[in-house]
Structures are given as structure tokens and as C-alpha cells.
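Participant: Following this message is one structure expressed as C-alpha cells.
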Amino acid sequence: MIKYINETTKYLQEKGFESPEIGIILGTGLGQLINEIDIIKEVSYNHIPNFPTATVEFHKGKLIYGKLAGKKVVIMQGRFHLYEGYTLQDVTYPVRIMEKLGIKTLLVSNAAGAINLNFKKGELMLIEDHINLQGSSPLAFKGVEELGERFTDMSAPYDAEINSKFENIAKANHIKLHKGVYASVVGPQLETRAEYRMLKIIGSDAVGMSTVPEIIVANHLKLKVAAVSVLTDECDPDNLEPVNISDIIENAAKAEPNMITLFKELIKTL
């Protein structure tokens, strides 16, 4: 993997990706942040050596380098998921590349279903902790110790200082920002009523199909990390209706301006 990482990094550096400070993974609900960026370079994933390619129709596939709020950023416009047939090492490969390019902080967004029924669709949740239900670890491979400590500490995977800043920004801008635990499942099928009940019992406030692998690798690389979920549906097992994917995308779009405000204002402080 080190050989692949060095090849990919060299290619991007030659394309002009110079010493970014912050990495951002744009999940569902943050796509329009691109409009706020002074773009310097952008490269399609399928042109980057050793990079996976996004296969989900509402996820773009570009790595973008530019300036946001005066900071140099590298942005994944579209992410990878286990349910697309990738390995956890594939899913997290871009995080390793962003760190090699120079980032010290990783910010992540995603779409999630609200397990906590006090949370409503269209609202945002700051992730305080997570539960990995994806069945494995992105660190479970031979040679991982050459890239960082094998037994990575996860007692505090989300940076408390950044989370505090997010909360202050939300308050100042009258944005409802819940705090909670995010459970990451494989997907792509949605959960059954029994699964939603289980997720609530084990302490989940929201559920999704991404983010946790990237957070684990970011901690492995000793990056500062924060993540925000846009809540796109309410997972009430006693009143469960069939999920409408277009409704999920619509709810994500409604929450997008608030998500953009949070990220832009945060980056000014980093």
C-alpha cells in the first residue's frame, strides 16, 4: 500500500495539490459547498492512479483542491462505501492520500436516519461517538503497522475542541444541532423494524452506511476529526413507512444551507 500511496500522492502533487491544511469529505447534504470554494485544481477519481471510482448515482467523483475561508483545502466530492463492493481499505484510501498531501484536520458529512425520535428529518446531528457495525476494520490488514500504530486508541475519536466550535457556530446562527451517537452499517438495504429497535437499545441516535471507516483511519493517522450528519428520515419502528430515496435527497438539500454555514464558519477558526 505504501507504494500505491506514494504513486497517488506524487501524481496529485504534480497536478498542483500543494500542502492542503484541511480535508473535507462531502457526503449527502454538503455538495453545494463546492460553490463556496475558490477552486485551484480538480481531478476526476478515475484519472487518479490507484483511486477507487464512485458508483452511487448521487455521489460525484472528483478530488478538488482550492481555498475556503482563506484555508487550503482538499475535498472529496463523493465518497466510497462498503456496499459498492469495495474493501474497507479502498473506502479509506483517500483519507491516507489527503494526510500524505499534508492535511491535519478531517471534516466529514453524511446522511443518516434518526433513531432518536426527538430528532426530526431535515435537522443536523454532531457526531460525538460511533458504533462500528460494518463487520470489520479498515486497519485489519497485513502491514498496517507500517502506516501507523496498529492498536489505535478510539477513546475520543472526535475532536472535542472542534465539536465545541461547531456548537457555538450553530448557536450563533440559530441552527438546530443535536449531538449523538452514529451507528455505521453495511447497507445498501435499509433497516428492518427489529434492526431499528436493536440500534436504539445499543445506544444509537442515528444510523448510516459511511463515515466510521474514514474516522478510524483518520485517528490511525492522528488527524483531528469532526463529523456532522444531516437527518434525512425518521426511523420509528412502530410507524415505519417505506423509504423514498428521492425524499431522502430532498431532505438533505433542505438542510444543506445550515451544513454549509457550519463548515464555512468552522474553517475560519482552524
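Chains: A, B, ... in order of the C-alpha cells. Residues: from 1 per chain. Ligands: from 1, in order shown.
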Neighbours of Leu106 in chain A within 7 Å (only C-alpha atoms; same-chain residues fewer than 6 positions away dropped), as a list in words?
Facilitator: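 Answer for this query is Ile22, Gly23, Ile24, Leu223, Lys224, Val225 and Ala226 of chain A.
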Participant: Next, dump the selected residues to file, keeping only C-alpha atoms, as a short mmCIF file (atom, residue, chain, number, x, y, z; two decimals), in the first residue's frame.
Facilitator:
data_model
loop_
_atom_site.label_atom_id
_atom_site.label_comp_id
_atom_site.auth_asym_id
_atom_site.auth_seq_id
_atom_site.Cartn_x
_atom_site.Cartn_y
_atom_site.Cartn_z
CA ILE A 22 -7.91 20.60 5.85
CA GLY A 23 -9.57 17.61 4.20
CA ILE A 24 -13.34 17.52 3.67
CA LEU A 223 -5.67 13.70 12.39
CA LYS A 224 -8.16 15.95 14.17
CA VAL A 225 -11.63 14.79 13.16
CA ALA A 226 -15.22 16.03 13.25
#
Participant: Just list as a ChimeraX atom specification whatever in range 43-184 of chain A DSSP marks as helix (DSSP H, G or I).
Facilitator: /A:45-47,82-84,88-101,144-146,160-172
Participant: Those residues with N, CA and C atoms, as a short mmCIF file (atom, residue, chain, number, x, y, z; two decimals), in the first residue's frame please?
Facilitator:
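Result file result.cif:
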data_model
loop_
_atom_site.label_atom_id
_atom_site.label_comp_id
_atom_site.auth_asym_id
_atom_site.auth_seq_id
_atom_site.Cartn_x
_atom_site.Cartn_y
_atom_site.Cartn_z
N TYR A 45 -11.85 11.14 -10.11
CA TYR A 45 -11.29 9.97 -9.43
C TYR A 45 -10.72 8.95 -10.42
N ASN A 46 -11.41 8.78 -11.56
CA ASN A 46 -10.97 7.74 -12.49
C ASN A 46 -9.68 8.10 -13.23
N HIS A 47 -9.17 9.33 -13.00
CA HIS A 47 -7.88 9.73 -13.57
C HIS A 47 -6.74 9.60 -12.56
N LEU A 82 -18.71 0.59 1.54
CA LEU A 82 -18.55 -0.86 1.56
C LEU A 82 -19.59 -1.53 0.66
N TYR A 83 -20.80 -0.99 0.64
CA TYR A 83 -21.89 -1.62 -0.13
C TYR A 83 -21.69 -1.55 -1.64
N GLU A 84 -20.73 -0.74 -2.09
CA GLU A 84 -20.45 -0.68 -3.53
C GLU A 84 -19.55 -1.83 -3.97
N LEU A 88 -12.72 -2.16 2.91
CA LEU A 88 -12.58 -1.03 3.83
C LEU A 88 -11.27 -0.27 3.57
N GLN A 89 -10.27 -0.98 3.03
CA GLN A 89 -9.02 -0.29 2.67
C GLN A 89 -9.24 0.63 1.47
N ASP A 90 -10.08 0.20 0.51
CA ASP A 90 -10.42 1.05 -0.63
C ASP A 90 -11.17 2.30 -0.16
N VAL A 91 -12.17 2.07 0.70
CA VAL A 91 -13.03 3.15 1.17
C VAL A 91 -12.22 4.25 1.85
N THR A 92 -11.18 3.86 2.56
CA THR A 92 -10.41 4.81 3.36
C THR A 92 -9.11 5.27 2.68
N TYR A 93 -8.83 4.73 1.51
CA TYR A 93 -7.59 5.10 0.80
C TYR A 93 -7.46 6.62 0.61
N PRO A 94 -8.55 7.32 0.23
CA PRO A 94 -8.41 8.77 0.04
C PRO A 94 -8.01 9.52 1.30
N VAL A 95 -8.41 9.02 2.47
CA VAL A 95 -8.01 9.68 3.72
C VAL A 95 -6.49 9.60 3.88
N ARG A 96 -5.93 8.45 3.55
CA ARG A 96 -4.47 8.28 3.63
C ARG A 96 -3.76 9.23 2.65
N ILE A 97 -4.37 9.41 1.48
CA ILE A 97 -3.77 10.31 0.48
C ILE A 97 -3.84 11.76 0.95
N MET A 98 -4.99 12.17 1.49
CA MET A 98 -5.12 13.56 1.97
C MET A 98 -4.12 13.84 3.09
N GLU A 99 -3.92 12.85 3.98
CA GLU A 99 -2.94 13.03 5.06
C GLU A 99 -1.52 13.14 4.49
N LYS A 100 -1.22 12.32 3.49
CA LYS A 100 0.11 12.35 2.87
C LYS A 100 0.34 13.69 2.16
N LEU A 101 -0.74 14.28 1.63
CA LEU A 101 -0.62 15.59 0.98
C LEU A 101 -0.37 16.70 2.00
N VAL A 144 -0.27 -3.01 8.37
CA VAL A 144 -0.86 -1.74 8.79
C VAL A 144 0.07 -0.96 9.72
N GLU A 145 0.92 -1.68 10.47
CA GLU A 145 1.79 -1.00 11.42
C GLU A 145 2.85 -0.14 10.72
N GLU A 146 3.04 -0.35 9.41
CA GLU A 146 3.97 0.50 8.66
C GLU A 146 3.38 1.88 8.37
N ALA A 160 -12.79 17.23 20.55
CA ALA A 160 -13.69 17.97 21.45
C ALA A 160 -13.67 19.47 21.17
N GLU A 161 -12.51 20.00 20.84
CA GLU A 161 -12.40 21.44 20.57
C GLU A 161 -13.18 21.82 19.31
N ILE A 162 -13.05 21.03 18.25
CA ILE A 162 -13.79 21.32 17.02
C ILE A 162 -15.29 21.17 17.26
N ASN A 163 -15.69 20.13 17.98
CA ASN A 163 -17.11 19.94 18.27
C ASN A 163 -17.69 21.11 19.05
N SER A 164 -16.91 21.63 19.99
CA SER A 164 -17.35 22.79 20.76
C SER A 164 -17.52 24.02 19.85
N LYS A 165 -16.60 24.18 18.91
CA LYS A 165 -16.72 25.28 17.94
C LYS A 165 -17.97 25.12 17.08
N PHE A 166 -18.25 23.89 16.64
CA PHE A 166 -19.46 23.63 15.86
C PHE A 166 -20.71 24.05 16.66
N GLU A 167 -20.73 23.69 17.93
CA GLU A 167 -21.89 24.02 18.76
C GLU A 167 -22.06 25.53 18.90
N ASN A 168 -20.96 26.24 19.11
CA ASN A 168 -21.02 27.71 19.24
C ASN A 168 -21.49 28.36 17.95
N ILE A 169 -21.01 27.85 16.81
CA ILE A 169 -21.42 28.39 15.50
C ILE A 169 -22.91 28.15 15.27
N ALA A 170 -23.37 26.95 15.62
CA ALA A 170 -24.80 26.63 15.47
C ALA A 170 -25.66 27.58 16.30
N LYS A 171 -25.23 27.80 17.54
CA LYS A 171 -25.98 28.69 18.44
C LYS A 171 -26.02 30.11 17.89
N ALA A 172 -24.88 30.60 17.43
CA ALA A 172 -24.79 31.98 16.91
C ALA A 172 -25.62 32.18 15.66
#
Participant: Give the answer as one residue: which of A:Val230, A:Met154, A:Leu270, A:Leu139 has the shortest atom-to-atom distance to Ile249 in chain A, using only C-alpha atoms?
Facilitator: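 For Ile249 in chain A, the nearest of the given residues is A:Val230.
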Participant: Ranking A:Ala69, A:Ala112, A:Val243, A:Ile39 by minimum distance to Thr192 in chain A and counting only C-alpha atoms, which one comes first?
Facilitator: A:Val243
Participant: Enumerate, as a ChimeraX atom specification, the complete set of residues in range 160-230 of chain A that a backbone-based DSSP assignment places in strand (DSSP E or B).
Facilitator: /A:177-184,206-208,224-230
Participant: What does the structure give for the distance between CA of Leu26 in chain A and CA of His174 in chain A, in Å to one decimal?
Facilitator: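 So the two atoms, CA of Leu26 in chain A and CA of His174 in chain A, lie 22.7 Å apart.
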Participant: Using only C-alpha atoms, can you tell me which of A:Thr87, A:Asn219, A:Asn118, A:Asn110 comes closest to Ser155 in chain A?
Facilitator: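 Residue with the minimum atom-to-atom distance to Ser155 in chain A: A:Asn219.
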Participant: Name the closest residue to Ile40 in chain A among the candidates A:Thr28, A:Gly61, A:Leu266, A:Gly66; distances are taken between atoms, counting only C-alpha atoms.
Facilitator: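 Ranked by minimum distance to Ile40 in chain A, first place goes to A:Gly66.
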Participant: If you count only C-alpha atoms, which residues fall within 6 Å of Ser184 in chain A, apart from same-chain ones fewer than 3 positions away, as a list in words?
Facilitator: Asn132, Leu133, Val207, Gly208 and Met209 of chain A
Participant: As an exercise, work out the distance from CA of Leu231 in chain A to CA of Ser210 in chain A in Å and give it to one decimal place.
Facilitator: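 Computing the Euclidean distance for CA of Leu231 in chain A and CA of Ser210 in chain A yields 13.7 Å.
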